[in-house]
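> run_37.cif is the file, holding mmCIF, C-alpha atoms:
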data_input
loop_
_atom_site.label_atom_id
_atom_site.label_comp_id
_atom_site.auth_asym_id
_atom_site.auth_seq_id
_atom_site.Cartn_x
_atom_site.Cartn_y
_atom_site.Cartn_z
CA MET A 454 -133.56 -72.37 -5.81
CA VAL A 455 -136.47 -72.61 -3.42
CA THR A 456 -138.58 -69.44 -3.32
CA ASN A 457 -140.90 -68.11 -0.63
CA ILE A 458 -143.04 -64.98 -0.39
CA THR A 459 -145.07 -65.31 2.82
CA SER A 460 -142.25 -66.12 5.27
CA PHE A 461 -141.33 -63.35 7.73
CA GLY A 462 -137.97 -62.26 6.35
CA ARG A 463 -138.03 -63.98 2.92
CA SER A 464 -134.83 -65.69 4.02
CA GLY A 465 -134.20 -68.82 6.04
CA LEU A 466 -131.11 -67.30 7.61
CA SER A 467 -132.81 -64.08 8.76
CA ASP A 468 -135.90 -65.99 9.99
CA TRP A 469 -133.66 -68.37 11.94
CA LEU A 470 -131.72 -65.53 13.58
CA MET A 471 -134.90 -63.56 14.30
CA GLN A 472 -136.52 -66.64 15.86
CA ARG A 473 -133.61 -67.03 18.28
CA VAL A 474 -133.25 -63.35 19.20
CA SER A 475 -137.02 -62.99 19.76
CA ALA A 476 -136.99 -66.15 21.90
CA VAL A 477 -134.37 -64.59 24.18
CA VAL A 478 -136.38 -61.36 24.50
CA LEU A 479 -139.56 -63.33 25.30
CA ALA A 480 -137.72 -65.44 27.87
CA LEU A 481 -136.35 -62.33 29.61
CA TYR A 482 -139.80 -60.69 29.60
CA ALA A 483 -141.51 -63.81 30.95
CA VAL A 484 -138.93 -64.23 33.73
CA PHE A 485 -139.27 -60.54 34.64
CA ILE A 486 -143.09 -60.62 34.81
CA VAL A 487 -143.16 -63.85 36.85
CA ALA A 488 -140.49 -62.51 39.23
CA TYR A 489 -142.38 -59.21 39.58
CA LEU A 490 -145.59 -61.05 40.48
CA LEU A 491 -143.73 -63.24 42.99
CA PHE A 492 -142.06 -60.28 44.69
CA ASN A 493 -145.33 -58.34 44.85
CA PRO A 494 -147.80 -60.78 46.42
CA ASP A 495 -150.31 -58.08 47.43
CA LEU A 496 -150.27 -56.34 44.07
CA ASP A 497 -152.93 -53.70 43.49
CA TYR A 498 -154.06 -51.76 40.42
CA TYR A 499 -151.98 -48.65 41.18
CA THR A 500 -148.69 -50.53 41.49
CA TRP A 501 -149.39 -52.51 38.34
CA SER A 502 -150.48 -49.41 36.42
CA GLY A 503 -147.46 -47.51 37.78
CA LEU A 504 -145.13 -50.18 36.48
CA PHE A 505 -146.54 -49.88 32.97
CA ALA A 506 -146.53 -46.07 33.10
CA GLN A 507 -142.73 -46.03 33.11
CA THR A 508 -140.99 -45.54 29.79
CA TRP A 509 -138.49 -48.40 30.21
CA MET A 510 -141.35 -50.83 30.92
CA ARG A 511 -143.25 -49.63 27.86
CA ILE A 512 -140.14 -50.10 25.71
CA PHE A 513 -139.53 -53.54 27.22
CA SER A 514 -143.18 -54.53 26.70
CA LEU A 515 -143.30 -53.23 23.14
CA LEU A 516 -140.07 -55.10 22.41
CA ALA A 517 -141.68 -58.26 23.80
CA PHE A 518 -144.86 -57.72 21.74
CA ILE A 519 -142.87 -57.21 18.52
CA SER A 520 -140.74 -60.26 19.36
CA MET A 521 -143.92 -62.26 19.93
CA ALA A 522 -145.29 -61.10 16.56
CA ALA A 523 -142.12 -62.08 14.68
CA HIS A 524 -141.74 -65.33 16.63
CA ALA A 525 -145.35 -66.37 15.95
CA TRP A 526 -145.14 -65.44 12.26
CA ILE A 527 -141.96 -67.47 11.70
CA GLY A 528 -143.11 -70.44 13.77
CA LEU A 529 -146.65 -70.70 12.44
CA TRP A 530 -145.47 -70.11 8.86
CA THR A 531 -143.24 -73.16 9.31
CA VAL A 532 -146.16 -75.20 10.69
CA THR A 533 -148.40 -74.25 7.75
CA THR A 534 -145.73 -75.13 5.16
CA ASP A 535 -145.18 -78.50 6.88
CA TYR A 536 -148.77 -79.61 7.31
CA LEU A 537 -151.10 -77.69 4.96
CA LYS A 538 -150.51 -79.07 1.49
CA PRO A 539 -153.41 -77.62 -0.58
CA THR A 540 -152.22 -74.17 -1.70
CA HIS A 541 -155.50 -72.27 -1.13
CA LEU A 542 -155.78 -73.68 2.40
CA ARG A 543 -152.14 -72.84 3.21
CA VAL A 544 -152.25 -69.28 1.84
CA GLY A 545 -155.60 -68.74 3.56
CA ALA A 546 -154.23 -69.90 6.92
CA GLN A 547 -151.10 -67.78 6.50
CA THR A 548 -153.21 -64.70 5.72
CA VAL A 549 -155.42 -65.23 8.78
CA ILE A 550 -152.34 -65.77 11.00
CA ILE A 551 -150.53 -62.67 9.74
CA LEU A 552 -153.65 -60.49 10.06
CA ALA A 553 -154.28 -61.80 13.60
CA ILE A 554 -150.68 -61.04 14.56
CA PHE A 555 -151.10 -57.48 13.20
CA VAL A 556 -154.34 -56.96 15.13
CA PHE A 557 -152.85 -58.26 18.39
CA LEU A 558 -149.78 -56.08 17.96
CA VAL A 559 -151.77 -52.87 17.42
CA TRP A 560 -154.10 -53.83 20.27
CA GLY A 561 -151.08 -54.34 22.54
CA ILE A 562 -149.66 -50.93 21.64
CA GLN A 563 -153.05 -49.35 22.35
CA ILE A 564 -153.16 -50.99 25.80
CA LEU A 565 -149.60 -49.86 26.61
CA TRP A 566 -150.16 -46.21 25.70
CA GLY A 567 -153.92 -46.03 26.13
CA ALA A 568 -154.39 -45.97 29.88
CA MET B 152 -135.81 -124.63 18.18
CA SER B 153 -136.42 -120.97 18.89
CA ASN B 154 -139.10 -119.24 16.93
CA LEU B 155 -139.09 -115.57 16.12
CA GLN B 156 -142.32 -113.97 15.03
CA VAL B 157 -141.68 -111.51 12.20
CA SER B 158 -144.24 -109.16 10.72
CA VAL B 159 -143.26 -107.81 7.30
CA TYR B 160 -144.71 -105.05 5.14
CA ARG B 161 -145.89 -106.49 1.83
CA TYR B 162 -147.09 -104.56 -1.19
CA ASN B 163 -147.10 -105.51 -4.84
CA PRO B 164 -148.78 -102.67 -6.75
CA GLU B 165 -149.55 -105.02 -9.66
CA THR B 166 -151.66 -107.42 -7.60
CA ASP B 167 -152.45 -105.76 -4.22
CA SER B 168 -155.01 -102.99 -3.81
CA ALA B 169 -153.40 -101.94 -0.52
CA PRO B 170 -150.28 -102.77 1.54
CA TYR B 171 -150.62 -105.39 4.29
CA MET B 172 -148.47 -107.00 7.00
CA GLN B 173 -147.51 -110.67 6.55
CA GLU B 174 -146.61 -112.84 9.53
CA PHE B 175 -143.64 -115.22 9.43
CA GLN B 176 -142.35 -117.74 11.97
CA VAL B 177 -138.57 -117.93 11.66
CA ASP B 178 -136.43 -120.55 13.39
CA THR B 179 -133.26 -118.76 14.50
CA LYS B 180 -131.87 -121.91 16.19
CA GLY B 181 -131.09 -119.72 19.18
CA ARG B 182 -128.50 -117.66 17.32
CA ASP B 183 -128.27 -113.87 17.50
CA LEU B 184 -128.66 -113.42 13.72
CA MET B 185 -128.52 -110.17 11.84
CA VAL B 186 -131.90 -108.95 10.62
CA LEU B 187 -130.74 -109.51 7.02
CA ASP B 188 -130.13 -113.21 7.80
CA VAL B 189 -133.70 -113.42 9.07
CA LEU B 190 -134.93 -111.88 5.80
CA HIS B 191 -132.99 -114.59 3.89
CA LEU B 192 -134.71 -117.28 6.00
CA MET B 193 -138.06 -115.67 5.24
CA LYS B 194 -137.28 -115.56 1.52
CA GLU B 195 -136.76 -119.34 1.71
CA GLN B 196 -140.35 -119.58 2.93
CA ASP B 197 -141.74 -117.06 0.42
CA SER B 198 -139.49 -116.36 -2.56
CA GLY B 199 -141.72 -113.44 -3.60
CA LEU B 200 -140.51 -111.25 -0.71
CA ALA B 201 -138.59 -108.30 -2.18
CA TYR B 202 -135.82 -106.33 -0.45
CA ARG B 203 -132.50 -104.75 -1.41
CA ARG B 204 -129.17 -106.07 -0.20
CA SER B 205 -125.67 -106.27 -1.56
CA CYS B 206 -122.49 -106.26 0.53
CA ARG B 207 -124.12 -107.62 3.74
CA GLU B 208 -121.48 -105.86 5.89
CA GLY B 209 -122.70 -102.27 6.32
CA VAL B 210 -120.68 -100.73 3.50
CA CYS B 211 -123.01 -100.48 0.48
CA GLY B 212 -126.07 -99.00 2.25
CA SER B 213 -128.61 -101.05 0.26
CA ASP B 214 -130.60 -102.63 3.08
CA GLY B 215 -131.71 -99.60 5.05
CA MET B 216 -135.12 -100.37 6.57
CA ASN B 217 -137.34 -99.71 9.54
CA MET B 218 -136.88 -102.40 12.21
CA ASN B 219 -139.28 -102.28 15.17
CA GLY B 220 -139.77 -98.58 14.52
CA LYS B 221 -136.14 -97.56 14.09
CA ASN B 222 -134.26 -97.11 10.83
CA GLY B 223 -131.00 -98.99 10.34
CA LEU B 224 -129.06 -101.37 8.14
CA ALA B 225 -130.49 -104.91 8.38
CA CYS B 226 -127.07 -106.49 7.70
CA ILE B 227 -125.34 -105.02 10.76
CA THR B 228 -128.29 -104.94 13.17
CA PRO B 229 -128.33 -108.02 15.45
CA LEU B 230 -131.69 -109.33 16.62
CA SER B 231 -130.64 -108.69 20.22
CA ASP B 232 -130.57 -104.94 19.42
CA VAL B 233 -134.10 -104.65 18.02
CA VAL B 234 -136.33 -107.58 19.01
CA LYS B 235 -138.78 -106.82 21.81
CA GLY B 236 -140.89 -109.58 23.33
CA GLY B 237 -139.91 -112.12 20.66
CA LYS B 238 -141.44 -109.96 17.91
CA LEU B 239 -139.85 -108.15 14.98
CA THR B 240 -141.71 -105.77 12.68
CA LEU B 241 -140.03 -104.81 9.41
CA ARG B 242 -141.20 -101.92 7.26
CA PRO B 243 -139.63 -100.03 4.35
CA LEU B 244 -137.86 -96.72 5.00
CA PRO B 245 -140.65 -94.25 5.94
CA GLY B 246 -141.72 -91.41 3.68
CA LEU B 247 -140.48 -92.72 0.33
CA PRO B 248 -142.81 -94.26 -2.30
CA VAL B 249 -142.86 -98.08 -2.14
CA ILE B 250 -141.99 -99.91 -5.34
CA ARG B 251 -142.59 -103.36 -3.89
CA ASP B 252 -142.47 -104.81 -0.35
CA MET B 253 -139.32 -103.39 1.32
CA VAL B 254 -138.01 -101.74 -1.86
CA VAL B 255 -138.52 -97.96 -1.96
CA ASP B 256 -138.06 -95.38 -4.71
CA MET B 257 -134.99 -93.38 -3.64
CA GLY B 258 -135.47 -90.80 -6.42
CA MET B 259 -136.32 -87.86 -4.15
CA PHE B 260 -133.41 -88.69 -1.84
CA TYR B 261 -130.91 -88.75 -4.73
CA LYS B 262 -132.40 -85.59 -6.24
CA GLN B 263 -131.67 -83.69 -3.03
CA TYR B 264 -128.17 -85.19 -2.92
CA GLU B 265 -127.60 -84.03 -6.51
CA ARG B 266 -128.75 -80.51 -5.58
CA ILE B 267 -125.82 -79.89 -3.21
CA GLN B 268 -123.36 -80.62 -6.06
CA PRO B 269 -121.49 -83.44 -4.33
CA TYR B 270 -118.19 -83.05 -6.13
CA LEU B 271 -115.08 -80.95 -5.62
CA GLN B 272 -115.19 -77.59 -7.38
CA ASN B 273 -112.03 -75.59 -7.81
CA GLU B 274 -111.61 -72.80 -10.33
CA THR B 275 -107.82 -72.51 -10.02
CA PRO B 276 -105.76 -74.35 -12.67
CA ALA B 277 -105.17 -77.99 -11.78
CA PRO B 278 -101.58 -78.65 -10.65
CA ALA B 279 -99.42 -81.27 -12.42
CA ILE B 280 -99.87 -83.92 -9.74
CA GLU B 281 -102.66 -83.35 -7.21
CA ARG B 282 -104.22 -80.65 -5.06
CA LEU B 283 -102.35 -80.89 -1.78
CA GLN B 284 -104.04 -80.63 1.59
CA SER B 285 -102.48 -80.36 5.03
CA PRO B 286 -103.14 -83.21 7.48
CA GLU B 287 -105.06 -80.69 9.65
CA ASP B 288 -107.34 -79.72 6.77
CA ARG B 289 -107.81 -83.39 5.91
CA ASP B 290 -108.88 -84.05 9.50
CA LYS B 291 -111.82 -81.66 9.02
CA LEU B 292 -113.41 -84.17 6.63
CA ASP B 293 -113.52 -86.95 9.23
CA GLY B 294 -117.09 -87.69 10.26
CA LEU B 295 -118.34 -86.32 6.92
CA TYR B 296 -116.91 -88.40 4.07
CA GLU B 297 -117.91 -91.76 5.61
CA CYS B 298 -121.58 -91.41 4.64
CA ILE B 299 -122.80 -94.34 2.50
CA LEU B 300 -126.10 -92.72 1.43
CA CYS B 301 -128.29 -95.46 2.94
CA ALA B 302 -131.03 -92.84 3.59
CA CYS B 303 -131.69 -94.06 7.15
CA CYS B 304 -131.25 -90.49 8.44
CA SER B 305 -133.29 -88.54 5.88
CA THR B 306 -136.20 -91.01 6.05
CA SER B 307 -136.34 -90.72 9.85
CA CYS B 308 -136.59 -86.92 9.60
CA PRO B 309 -140.12 -85.40 9.76
CA SER B 310 -138.92 -82.27 7.96
CA PHE B 311 -137.87 -84.51 5.05
CA TRP B 312 -141.18 -86.39 5.18
CA TRP B 313 -143.22 -83.18 4.85
CA ASN B 314 -141.02 -81.37 2.31
CA PRO B 315 -138.86 -83.91 0.44
CA ASP B 316 -138.92 -81.69 -2.65
CA LYS B 317 -137.53 -78.63 -0.85
CA PHE B 318 -135.60 -79.71 2.26
CA VAL B 319 -132.23 -81.22 1.35
CA GLY B 320 -132.36 -83.58 4.33
CA PRO B 321 -129.63 -84.65 6.78
CA ALA B 322 -127.74 -86.90 4.33
CA GLY B 323 -127.49 -84.23 1.65
CA LEU B 324 -126.58 -81.51 4.16
CA LEU B 325 -123.85 -83.64 5.73
CA GLN B 326 -122.36 -84.03 2.24
CA SER B 327 -122.84 -80.34 1.54
CA TYR B 328 -120.73 -79.54 4.61
CA ARG B 329 -118.19 -82.16 3.51
CA PHE B 330 -117.44 -79.93 0.49
CA LEU B 331 -117.87 -76.62 2.36
CA ALA B 332 -115.25 -77.83 4.87
CA ASP B 333 -112.85 -79.02 2.17
CA SER B 334 -109.84 -76.69 1.84
CA ARG B 335 -109.56 -77.64 -1.85
CA ASP B 336 -113.09 -76.52 -2.75
CA THR B 337 -113.53 -72.91 -3.90
CA ALA B 338 -117.29 -72.82 -4.53
CA THR B 339 -118.10 -72.00 -0.87
CA ARG B 340 -120.07 -68.82 -1.59
CA GLU B 341 -122.15 -70.46 -4.35
CA ARG B 342 -122.86 -73.49 -2.17
CA LEU B 343 -123.95 -71.28 0.77
CA SER B 344 -126.23 -69.11 -1.38
CA GLU B 345 -128.13 -72.23 -2.49
CA LEU B 346 -128.94 -73.07 1.16
CA GLU B 347 -130.04 -69.65 2.42
CA ASP B 348 -133.82 -70.04 1.82
CA PRO B 349 -136.25 -71.21 4.59
CA PHE B 350 -136.49 -74.79 3.30
CA SER B 351 -133.24 -76.24 1.92
CA LEU B 352 -131.25 -76.07 5.17
CA PHE B 353 -133.31 -74.14 7.71
CA ARG B 354 -136.21 -76.61 7.74
CA CYS B 355 -134.01 -78.64 10.09
CA ARG B 356 -135.50 -78.29 13.59
CA GLY B 357 -132.62 -80.04 15.30
CA ILE B 358 -134.54 -83.01 16.70
CA MET B 359 -131.53 -85.25 15.93
CA ASN B 360 -133.44 -88.30 14.65
CA CYS B 361 -130.69 -88.47 12.01
CA VAL B 362 -127.98 -88.78 14.65
CA ALA B 363 -129.94 -91.44 16.54
CA VAL B 364 -130.26 -93.75 13.53
CA CYS B 365 -127.04 -93.25 11.51
CA PRO B 366 -125.48 -96.74 11.16
CA LYS B 367 -122.06 -95.15 10.65
CA GLY B 368 -122.32 -93.03 13.81
CA LEU B 369 -122.20 -89.72 11.92
CA ASN B 370 -123.71 -86.44 13.12
CA PRO B 371 -125.66 -84.53 10.42
CA THR B 372 -127.12 -82.13 13.02
CA ARG B 373 -123.63 -80.88 13.90
CA ALA B 374 -122.83 -80.41 10.18
CA ILE B 375 -126.07 -78.45 9.73
CA GLY B 376 -125.09 -76.26 12.71
CA LYS B 377 -121.69 -75.61 11.10
CA ILE B 378 -123.34 -74.58 7.81
CA ARG B 379 -125.61 -72.19 9.76
CA GLU B 380 -122.52 -70.67 11.41
CA MET B 381 -120.88 -70.22 7.99
CA LEU B 382 -124.04 -68.56 6.60
CA LEU B 383 -124.26 -66.27 9.65
CA ALA B 384 -120.58 -65.34 9.42
CA ASP B 385 -121.00 -64.53 5.73
CA ALA B 386 -124.17 -62.45 6.07
CA THR B 387 -123.62 -60.35 9.19
#
Do you think you could lay out the structure here as structure tokens?


Amino acid sequence: MVTNITSFGRSGLSDWLMQRVSAVVLALYAVFIVAYLLFNPDLDYYTWSGLFAQTWMRIFSLLAFISMAAHAWIGLWTVTTDYLKPTHLRVGAQTVIILAIFVFLVWGIQILWGA
Amino acid sequence: MSNLQVSVYRYNPETDSAPYMQEFQVDTKGRDLMVLDVLHLMKEQDSGLAYRRSCREGVCGSDGMNMNGKNGLACITPLSDVVKGGKLTLRPLPGLPVIRDMVVDMGMFYKQYERIQPYLQNETPAPAIERLQSPEDRDKLDGLYECILCACCSTSCPSFWWNPDKFVGPAGLLQSYRFLADSRDTATRERLSELEDPFSLFRCRGIMNCVAVCPKGLNPTRAIGKIREMLLADAT
């Protein structure tokens, strides 16, 4: 039995499923944002701010942020377990990554509901 | 007279402080030899050269090695398939500890194979003759049972290089699915629960190096995908 305590879901199966679902959400969000920018060539602050003032856009954005957080945690955890062999270095890197993800997530929520 | 320039990995831990590459000039007499034949010709020049071989026809899996950067069996790989610009570079299977020259310690590879319990498990009482299987169920084992454990696939897999103690590797996982897919095996749930962690099975990133090098033309990536489907079906 291989154990793990710093992976996202403590399970390879749940991490694998989460990685794929979050990838789909991020793809949809990226396509939407790019399409929105293309269809609004003379975009100004009020249109942009108006878009993010709508509830569905806030839900969609928050979903994308949470997906990004999970996706980054799972992916970077895998990178650290592949390439960082000294335990203190690996645990240190994982801690920094997870804390950074937390900070960016809270910051993102503040931006969405702040303005 | 047609000379082939061969560069071979040499390392004898008793006398060498570090591994080095030795150059050989081999006269192939214009024939499209197998790489193993070239190794025999080189051994005539230097009898100290160590490598494994046995059946010399791609059945035993002893002479897996890295030929011009690609893993394969030396006995069934013709020079015309691997030689580029009249040069051939031979190295041991990557990622495993070298015992001497081309001979590697396969201990970690076998340990992972052992982990997947590569034998039929059935808790129901054994019938008087044999456990019967329909031809359709037998067909499910095609493409799985043919593995000869040469380790070409697992030693071409970066996930196995970085975590050989935790990731089962393509060879072991192909055999794991061979028993998961067997209608006569009843230990499915136990087998699946051993593979659910983030390393044993899920460290596979699907780059398909294993498929590209398998000398028997097998597809471990597909078997790994099937195990993932079984795990998903069981857990959702």

> Record the distance separating CA of Gly320 in chain B and CA of Cys304 in chain B, expressed in Å with one decimal.

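Straight-line distance from CA of Gly320 in chain B to CA of Cys304 in chain B works out to 8.1 Å.
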
> Would you mind listing what lies within 12 Å of Ile458 in chain A as a list in words, with all atoms listed in the file counted and same-chain residues fewer than 5 positions away left out?

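So the residues in contact are Arg463, Ser464, Gly465, Trp530, Thr534, Val544, Gln547 and Thr548 of chain A; Asp348 and Pro349 of chain B.
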
> So which residues touch range 552-555 of chain A within 8 Å, counting only C-alpha atoms, skipping near sequence neighbours fewer than 2 positions away, as a compact mmCIF listing (two decimals) with C-alpha atoms, keeping the file's coordinate frame?


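What ended up in selection-v7.txt:
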# COMPACT_ATOMS: atom_id res chain seq x y z
CA ALA A 522 -145.29 -61.10 16.56
CA ALA A 525 -145.35 -66.37 15.95
CA TRP A 526 -145.14 -65.44 12.26
CA THR A 548 -153.21 -64.70 5.72
CA VAL A 549 -155.42 -65.23 8.78
CA ILE A 550 -152.34 -65.77 11.00
CA PHE A 557 -152.85 -58.26 18.39
CA LEU A 558 -149.78 -56.08 17.96
CA VAL A 559 -151.77 -52.87 17.42

> Do me a favour and pick out the residues of chain B within 10 Å of chain A, using only C-alpha atoms, as a list in words.

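Close to chain A, chain B has Arg266, Pro309, Ser310, Phe311, Trp312, Trp313, Asn314, Asp316, Lys317, Phe318, Ser344, Glu345, Leu346, Glu347, Asp348, Pro349, Phe350, Ser351, Leu352, Phe353, Arg354, Arg379, Glu380, Leu382, Leu383, Ala386 and Thr387 of chain B.
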
> For Ser158 in chain B, please output as a list in words all residues within 8 Å (counting only C-alpha atoms; exclusion window: fewer than 5 positions along the same chain).

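The contact residues come out as Met172, Gln173, Glu174, Phe175, Lys238, Leu239, Thr240 and Leu241 of chain B.
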
> Could you spell out the hits of the PyMOL selection byres ((chain B and resi 234) around 12) on the shown file, as a ChimeraX atom specification?

/B:155-158,183-186,189,218-221,228-233,235-241

> Could you put an axis-aligned box around every listed atom of range 362-371 of chain B, padded by 6 Å on each side, and send me its centre and edge lengths in Å to one decimal, as AutoDock Vina command-line options?


--center_x -126.2 --center_y -90.6 --center_z 13.5 --size_x 20.2 --size_y 24.2 --size_z 18.1

> Starting from the shown file, work through the PyMOL selection byres ((chain B and resi 245) around 7) and note down what comes out as a ChimeraX atom specification.

/B:243-244,246-247,306-307

> Name all residues at most 8 Å from Val362 in chain B (count all atoms listed in the file; drop same-chain ones fewer than 6 positions away) and give them as number ranges by chain.

B: 304, 368-372

> Hey, which of A:Trp501, A:Tyr482, A:Trp566, A:Trp560 ends up closest to Ala517 in chain A? Count all atoms listed in the file.

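The answer is A:Tyr482, which sits nearest to Ala517 in chain A.
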
> Please complete range 242-263 of chain B with N, CA and C atoms and give it back as a PDB file, in the frame of the given file.


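Output (selection_17.pdb):
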ATOM      1  N   ARG B 242    -140.506-102.776   8.228  1.00  0.00           N
ATOM      2  CA  ARG B 242    -141.200-101.920   7.260  1.00  0.00           C
ATOM      3  C   ARG B 242    -140.168-101.229   6.390  1.00  0.00           C
ATOM      4  N   PRO B 243    -140.581-100.775   5.194  1.00  0.00           N
ATOM      5  CA  PRO B 243    -139.630-100.030   4.350  1.00  0.00           C
ATOM      6  C   PRO B 243    -139.278 -98.689   4.978  1.00  0.00           C
ATOM      7  N   LEU B 244    -138.234 -98.041   4.501  1.00  0.00           N
ATOM      8  CA  LEU B 244    -137.860 -96.720   5.000  1.00  0.00           C
ATOM      9  C   LEU B 244    -139.069 -95.784   4.884  1.00  0.00           C
ATOM     10  N   PRO B 245    -139.425 -95.075   5.965  1.00  0.00           N
ATOM     11  CA  PRO B 245    -140.650 -94.250   5.940  1.00  0.00           C
ATOM     12  C   PRO B 245    -140.519 -93.044   5.002  1.00  0.00           C
ATOM     13  N   GLY B 246    -141.661 -92.665   4.433  1.00  0.00           N
ATOM     14  CA  GLY B 246    -141.720 -91.410   3.680  1.00  0.00           C
ATOM     15  C   GLY B 246    -141.401 -91.508   2.205  1.00  0.00           C
ATOM     16  N   LEU B 247    -140.804 -92.595   1.755  1.00  0.00           N
ATOM     17  CA  LEU B 247    -140.480 -92.720   0.330  1.00  0.00           C
ATOM     18  C   LEU B 247    -141.516 -93.645  -0.329  1.00  0.00           C
ATOM     19  N   PRO B 248    -141.815 -93.409  -1.613  1.00  0.00           N
ATOM     20  CA  PRO B 248    -142.810 -94.260  -2.300  1.00  0.00           C
ATOM     21  C   PRO B 248    -142.317 -95.711  -2.361  1.00  0.00           C
ATOM     22  N   VAL B 249    -143.224 -96.659  -2.109  1.00  0.00           N
ATOM     23  CA  VAL B 249    -142.860 -98.080  -2.140  1.00  0.00           C
ATOM     24  C   VAL B 249    -142.994 -98.610  -3.562  1.00  0.00           C
ATOM     25  N   ILE B 250    -141.935 -99.270  -4.030  1.00  0.00           N
ATOM     26  CA  ILE B 250    -141.990 -99.910  -5.340  1.00  0.00           C
ATOM     27  C   ILE B 250    -142.579-101.320  -5.180  1.00  0.00           C
ATOM     28  N   ARG B 251    -142.038-102.049  -4.222  1.00  0.00           N
ATOM     29  CA  ARG B 251    -142.590-103.360  -3.890  1.00  0.00           C
ATOM     30  C   ARG B 251    -142.018-103.812  -2.544  1.00  0.00           C
ATOM     31  N   ASP B 252    -142.862-104.325  -1.673  1.00  0.00           N
ATOM     32  CA  ASP B 252    -142.470-104.810  -0.350  1.00  0.00           C
ATOM     33  C   ASP B 252    -141.528-103.831   0.358  1.00  0.00           C
ATOM     34  N   MET B 253    -140.264-104.235   0.577  1.00  0.00           N
ATOM     35  CA  MET B 253    -139.320-103.390   1.320  1.00  0.00           C
ATOM     36  C   MET B 253    -138.505-102.475   0.398  1.00  0.00           C
ATOM     37  N   VAL B 254    -138.790-102.526  -0.895  1.00  0.00           N
ATOM     38  CA  VAL B 254    -138.010-101.740  -1.860  1.00  0.00           C
ATOM     39  C   VAL B 254    -138.684-100.392  -2.089  1.00  0.00           C
ATOM     40  N   VAL B 255    -137.944 -99.294  -1.792  1.00  0.00           N
ATOM     41  CA  VAL B 255    -138.520 -97.960  -1.960  1.00  0.00           C
ATOM     42  C   VAL B 255    -137.854 -97.231  -3.137  1.00  0.00           C
ATOM     43  N   ASP B 256    -138.582 -96.226  -3.641  1.00  0.00           N
ATOM     44  CA  ASP B 256    -138.060 -95.380  -4.710  1.00  0.00           C
ATOM     45  C   ASP B 256    -137.215 -94.284  -4.065  1.00  0.00           C
ATOM     46  N   MET B 257    -135.903 -94.329  -4.283  1.00  0.00           N
ATOM     47  CA  MET B 257    -134.990 -93.380  -3.640  1.00  0.00           C
ATOM     48  C   MET B 257    -134.809 -92.102  -4.472  1.00  0.00           C
ATOM     49  N   GLY B 258    -135.626 -91.932  -5.510  1.00  0.00           N
ATOM     50  CA  GLY B 258    -135.470 -90.800  -6.420  1.00  0.00           C
ATOM     51  C   GLY B 258    -135.376 -89.446  -5.749  1.00  0.00           C
ATOM     52  N   MET B 259    -136.313 -89.169  -4.806  1.00  0.00           N
ATOM     53  CA  MET B 259    -136.320 -87.860  -4.150  1.00  0.00           C
ATOM     54  C   MET B 259    -135.067 -87.655  -3.302  1.00  0.00           C
ATOM     55  N   PHE B 260    -134.623 -88.745  -2.678  1.00  0.00           N
ATOM     56  CA  PHE B 260    -133.410 -88.690  -1.840  1.00  0.00           C
ATOM     57  C   PHE B 260    -132.198 -88.341  -2.702  1.00  0.00           C
ATOM     58  N   TYR B 261    -132.063 -89.012  -3.851  1.00  0.00           N
ATOM     59  CA  TYR B 261    -130.910 -88.750  -4.730  1.00  0.00           C
ATOM     60  C   TYR B 261    -130.987 -87.366  -5.364  1.00  0.00           C
ATOM     61  N   LYS B 262    -132.237 -86.910  -5.635  1.00  0.00           N
ATOM     62  CA  LYS B 262    -132.400 -85.590  -6.240  1.00  0.00           C
ATOM     63  C   LYS B 262    -131.872 -84.503  -5.299  1.00  0.00           C
ATOM     64  N   GLN B 263    -132.174 -84.655  -4.003  1.00  0.00           N
ATOM     65  CA  GLN B 263    -131.670 -83.690  -3.030  1.00  0.00           C
ATOM     66  C   GLN B 263    -130.154 -83.787  -2.892  1.00  0.00           C
TER      67      GLN B 263
END
